[in-house]
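Heads up: the structure comes next, in structure tokens.
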Amino acid sequence: MKYIYIILALFIGFTGSAQNKVSLNYYSQETLDALGTTKEQQKSLLDVKINTDTKLREARNNPSLSEEQKKAAYAEAYKTGGQQYSNILNPEQKTRLSALHQKIAKQNAALGIKAPLNTGYKNPYYDGRMNLFENLPATQKGIVFLGNSITERGMWSELFPGKIIQNRGIGGDNTFGILARLDQIVKYKPEKVFLLIGVNDIARGIPVDTILSNYQKIVKRILTGSPATKIYIQSVLPMNDDLLKTERYKQKADTIKRYNAALFQIAKTSKSTYVNIHDIFLDAKGVLNKDYTDDGIHINPKAYALWAEYLKKQKHL
């Protein structure tokens, strides 16, 4: 999900640069008017800003917190504030906000300023899942499902009774996050790794070449650290734009197809197994079937059952 990060100034100057980067002040009257917010919404948004600023100040002035703990507190404050801000806006206002972001991106591009890639994966939820994984009993030569929220939501042990399966999905994760936690997977020499990752990278605007470079590093590190492990490279799933509520995930069908085609080649050159789960979830229009999703990206129990049956039919499990 896209979280709105609070920027306190409309224009932020670069040190030593004649040009200024254009940034959005989410709480300025100009922005609130452009979004078409009501007086009641503006009051609620001001409460969000005050609450977020208070949390930031308390974390900054808390002498008992380490710098790392302060960073985590800041991230949580921004995340919560962003969620609350987004929840106050209606769908039309969210579309206007997305248009403002696009306008500002074009202005910065005209100034020769490129927006930094949103490669971030580290957040309190990621850290919490990692802490859980580190405290679970060690399993040698098990089967690992590795990925983001789509993997995390799968009840893999129930879908494959009798198999020793570890669910290593983390909601919101991307290829950078997988690389950062791969040692925890490799050291136990899993028998099989079912890898599904990339959609969050794509949504964040990370170039496909960069994502694929990360993917190749992931595969290489698994094979280097655990040569006997069988890797199953699963295609990224389709999405349904009509149901999606987050703009950055929309209109990514062509990119996903190109990405999946490249994953097929990575599987071929690394002697891994490519698993095309993308196509089993398509409807007649070539998008994620509404029968399998409520939000256009995540899938429901019926879809997981279909996924499991497909893996069994292909003799992958």
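Residue names in the structure tokens use chain letters A, B, ... in the order shown, residue numbers from 1 in each chain, and ligand numbers from 1 in the order shown.
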For this session: Excluding segment 170-186 of chain A and residues on its chain fewer than 4 positions from it, collect all residues at most 7 Å away from it, counting only C-alpha atoms, and give them as a list in words.
Result: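 Within the cut-off, the hits are Thr119, Tyr121, Tyr126, Arg129, Gly147, Asn148, Ser149, Glu152, Pro190, Ile197, Gly198, Asn200, Asp201, Ile211, Asn214, Tyr215, Ile218, Ile222, Gly225 and Ser226 of chain A.
Across the structure, atom CA of Gly142 of chain A and atom CA of Asn167 of chain A are spaced 10.6 Å apart.
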Problem set entry | Interatomic distance, atom CA of Phe264 of chain A to atom CA of Leu159 of chain A (Å, one decimal) | 25.5 Å
Problem set entry | Computed interatomic separation between atom CA of Thr269 of chain A and atom CA of Ile233 of chain A (Å) |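 For atom CA of Thr269 of chain A relative to atom CA of Ile233 of chain A, the distance reads 12.0 Å.
When only C-alpha atoms are used to measure the gap to Tyr304 of chain A, the shortest distance among A:Gln251, A:Asn51, A:Thr151, A:Ser235 belongs to A:Thr151.
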Problem set entry | Counting only C-alpha atoms, the residue of A:Asn25, A:Ser213, A:Gln166, A:Gln41 that sits nearest Phe145 of chain A | A:Gln166
Shell of 7 Å around Thr273 of chain A, only C-alpha atoms, local chain residues under 3 positions omitted, as a JSON list (two decimals) with C-alpha atoms, in the first residue's frame:
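Written output follows (out-v7.json):
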[["chain", "number", "residue", "atom", "x", "y", "z"],
["A", 231, "ILE", "CA", 14.17, -23.35, -6.99],
["A", 232, "TYR", "CA", 10.67, -22.77, -8.35],
["A", 233, "ILE", "CA", 10.38, -19.33, -9.93],
["A", 267, "ALA", "CA", 14.66, -20.06, -14.75]]
Exercise. Skipping near chain neighbours, those fewer than 3 positions away, what residues fall within 10 Å of segment 78-86 of chain A using only C-alpha atoms, listed as an NGL selection string?
Worked result: :A and (1-6 or 26-27 or 41 or 44-53 or 55-56 or 72-75 or 89-91 or 93-94 or 97 or 123-124)
Quick one: write out the picked residues with N, CA and C atoms as a compact mmCIF listing (two decimals), in the first residue's frame?
# COMPACT_ATOMS: atom_id res chain seq x y z
N MET A 1 0.84 -1.19 0.00
CA MET A 1 0.00 0.00 0.00
C MET A 1 0.87 1.23 0.00
N LYS A 2 0.37 2.32 -0.65
CA LYS A 2 1.13 3.56 -0.72
C LYS A 2 0.83 4.40 0.51
N TYR A 3 1.86 4.72 1.28
CA TYR A 3 1.67 5.56 2.44
C TYR A 3 2.11 6.98 2.10
N ILE A 4 1.35 7.95 2.57
CA ILE A 4 1.63 9.35 2.26
C ILE A 4 2.60 9.90 3.29
N TYR A 5 3.75 10.29 2.87
CA TYR A 5 4.76 10.84 3.76
C TYR A 5 4.62 12.35 3.84
N ILE A 6 4.61 12.86 5.03
CA ILE A 6 4.31 14.26 5.28
C ILE A 6 5.55 15.11 5.03
N TYR A 26 1.12 18.28 1.85
CA TYR A 26 -0.18 17.65 1.91
C TYR A 26 -1.20 18.44 2.74
N TYR A 27 -0.71 19.33 3.60
CA TYR A 27 -1.61 20.03 4.51
C TYR A 27 -1.79 21.51 4.17
N GLN A 41 -13.47 17.47 6.53
CA GLN A 41 -12.28 16.68 6.19
C GLN A 41 -11.01 17.42 6.58
N SER A 44 -10.32 17.05 10.18
CA SER A 44 -9.82 15.69 10.47
C SER A 44 -8.37 15.54 10.03
N LEU A 45 -8.04 16.11 8.87
CA LEU A 45 -6.66 16.03 8.37
C LEU A 45 -5.70 16.81 9.26
N LEU A 46 -6.17 17.95 9.77
CA LEU A 46 -5.32 18.72 10.70
C LEU A 46 -5.06 17.92 11.97
N ASP A 47 -6.07 17.19 12.43
CA ASP A 47 -5.88 16.34 13.61
C ASP A 47 -4.83 15.25 13.34
N VAL A 48 -4.85 14.72 12.12
CA VAL A 48 -3.85 13.71 11.74
C VAL A 48 -2.46 14.31 11.78
N LYS A 49 -2.32 15.52 11.23
CA LYS A 49 -1.00 16.18 11.22
C LYS A 49 -0.52 16.44 12.64
N ILE A 50 -1.39 16.96 13.50
CA ILE A 50 -1.01 17.25 14.88
C ILE A 50 -0.60 15.97 15.60
N ASN A 51 -1.37 14.91 15.40
CA ASN A 51 -1.06 13.63 16.06
C ASN A 51 0.26 13.05 15.57
N THR A 52 0.49 13.15 14.25
CA THR A 52 1.74 12.63 13.69
C THR A 52 2.94 13.43 14.18
N ASP A 53 2.81 14.77 14.16
CA ASP A 53 3.91 15.63 14.65
C ASP A 53 4.21 15.36 16.11
N LYS A 55 3.79 12.47 17.73
CA LYS A 55 4.51 11.19 17.82
C LYS A 55 5.98 11.35 17.41
N LEU A 56 6.21 12.14 16.36
CA LEU A 56 7.58 12.37 15.91
C LEU A 56 8.39 13.10 16.98
N ALA A 72 12.64 3.65 13.64
CA ALA A 72 11.48 2.77 13.55
C ALA A 72 10.22 3.50 14.01
N ALA A 73 10.35 4.32 15.06
CA ALA A 73 9.21 5.09 15.56
C ALA A 73 8.76 6.13 14.54
N TYR A 74 9.73 6.76 13.87
CA TYR A 74 9.39 7.73 12.82
C TYR A 74 8.62 7.03 11.70
N ALA A 75 9.14 5.88 11.28
CA ALA A 75 8.51 5.14 10.18
C ALA A 75 7.08 4.75 10.54
N LEU A 89 -9.83 10.64 2.67
CA LEU A 89 -10.16 11.03 1.29
C LEU A 89 -11.11 10.04 0.64
N ASN A 90 -11.97 10.55 -0.23
CA ASN A 90 -12.83 9.67 -1.01
C ASN A 90 -12.11 9.26 -2.29
N PRO A 91 -12.63 8.30 -3.05
CA PRO A 91 -11.93 7.81 -4.26
C PRO A 91 -11.58 8.92 -5.25
N GLN A 93 -11.02 12.07 -4.63
CA GLN A 93 -9.94 12.89 -4.07
C GLN A 93 -8.60 12.17 -4.16
N LYS A 94 -8.62 10.86 -4.00
CA LYS A 94 -7.39 10.08 -4.13
C LYS A 94 -6.87 10.14 -5.57
N LEU A 97 -5.22 13.41 -5.96
CA LEU A 97 -3.92 13.41 -5.30
C LEU A 97 -2.88 12.73 -6.19
N ASN A 123 10.55 -1.78 7.63
CA ASN A 123 9.52 -1.11 8.41
C ASN A 123 9.21 -1.98 9.62
N PRO A 124 8.44 -1.47 10.56
CA PRO A 124 8.16 -2.26 11.78
C PRO A 124 7.54 -3.63 11.50
Exercise. For Glu309 of chain A, which residue among A:Ala110, A:Leu65, A:Leu146, A:Ile280 is the nearest when counting only C-alpha atoms?
Worked result: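 Checking each of A:Ala110, A:Leu65, A:Leu146, A:Ile280 against Glu309 of chain A, counting only C-alpha atoms, the winner is A:Ile280.
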Exercise. Which of these residues is nearest to Ser98 of chain A, using only C-alpha atoms: A:Ile297, A:Ala77, A:Leu24, A:Ala262?
Worked result: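 Closest to Ser98 of chain A of all the choices is A:Leu24.
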Problem set entry | Neighbour list for Leu244 of chain A as a VMD selection string, cut-off 12 Å, only C-alpha atoms, skip fewer than 3 positions in-chain | chain A and resid 1 91 238 to 241 247 to 252 287 to 288 290 293 to 298
Got time to write the residues from that selection, N, CA and C atoms, as a compact mmCIF listing (two decimals), in the first residue's frame?
# COMPACT_ATOMS: atom_id res chain seq x y z
N MET A 1 0.84 -1.19 0.00
CA MET A 1 0.00 0.00 0.00
C MET A 1 0.87 1.23 0.00
N PRO A 91 -12.63 8.30 -3.05
CA PRO A 91 -11.93 7.81 -4.26
C PRO A 91 -11.58 8.92 -5.25
N PRO A 238 -1.61 -11.82 -12.11
CA PRO A 238 -2.27 -10.67 -12.75
C PRO A 238 -3.00 -9.83 -11.71
N MET A 239 -3.46 -8.65 -12.12
CA MET A 239 -4.27 -7.81 -11.25
C MET A 239 -5.53 -7.38 -11.99
N ASN A 240 -6.45 -6.80 -11.26
CA ASN A 240 -7.71 -6.33 -11.84
C ASN A 240 -7.88 -4.85 -11.50
N ASP A 241 -7.63 -3.98 -12.49
CA ASP A 241 -7.64 -2.54 -12.26
C ASP A 241 -9.00 -2.03 -11.78
N GLU A 247 -3.57 3.49 -6.65
CA GLU A 247 -3.28 3.89 -8.02
C GLU A 247 -1.98 3.31 -8.57
N ARG A 248 -0.97 3.20 -7.72
CA ARG A 248 0.35 2.81 -8.24
C ARG A 248 0.39 1.37 -8.74
N TYR A 249 -0.63 0.57 -8.40
CA TYR A 249 -0.67 -0.81 -8.88
C TYR A 249 -1.43 -0.95 -10.20
N LYS A 250 -2.09 0.14 -10.61
CA LYS A 250 -2.91 0.06 -11.81
C LYS A 250 -2.09 0.15 -13.10
N GLN A 251 -2.66 -0.40 -14.18
CA GLN A 251 -2.06 -0.34 -15.52
C GLN A 251 -0.65 -0.93 -15.55
N LYS A 252 -0.50 -2.06 -14.90
CA LYS A 252 0.81 -2.73 -14.85
C LYS A 252 0.79 -4.07 -15.59
N VAL A 287 -7.61 -10.46 -17.25
CA VAL A 287 -7.25 -9.83 -15.97
C VAL A 287 -7.57 -10.81 -14.84
N LEU A 288 -7.14 -10.46 -13.63
CA LEU A 288 -7.39 -11.32 -12.48
C LEU A 288 -8.89 -11.51 -12.30
N LYS A 290 -12.48 -11.94 -11.02
CA LYS A 290 -13.15 -11.40 -9.84
C LYS A 290 -13.55 -12.49 -8.85
N THR A 293 -10.64 -12.72 -6.19
CA THR A 293 -10.08 -11.57 -5.47
C THR A 293 -11.17 -10.63 -5.00
N ASP A 294 -10.88 -9.91 -3.92
CA ASP A 294 -11.79 -8.87 -3.44
C ASP A 294 -11.25 -7.47 -3.71
N ASP A 295 -9.91 -7.36 -3.81
CA ASP A 295 -9.31 -6.03 -3.95
C ASP A 295 -8.52 -5.84 -5.23
N GLY A 296 -8.51 -6.84 -6.11
CA GLY A 296 -7.83 -6.70 -7.39
C GLY A 296 -6.39 -7.11 -7.40
N ILE A 297 -5.82 -7.45 -6.25
CA ILE A 297 -4.41 -7.86 -6.20
C ILE A 297 -4.22 -9.10 -5.32
N HIS A 298 -4.81 -9.11 -4.13
CA HIS A 298 -4.70 -10.28 -3.25
C HIS A 298 -5.76 -11.30 -3.65
Exercise. Hey, what does DSSP flag as strand (DSSP E or B) within segment 51-282 of chain A? Can you give it to me as a PyMOL selection string?
Worked result: chain A and resi 143-147+165-169+192-196+230-234+273-275+282
For this session: Name the residues of segment 136-188 of chain A that come out as alpha helix (DSSP H) in a backbone DSSP run; write them as JSON, numbers by chain.
Result: {"A": [149, 150, 151, 152, 156, 157, 158, 159, 175, 176, 177, 178, 179, 180, 182, 183, 184, 185, 186]}
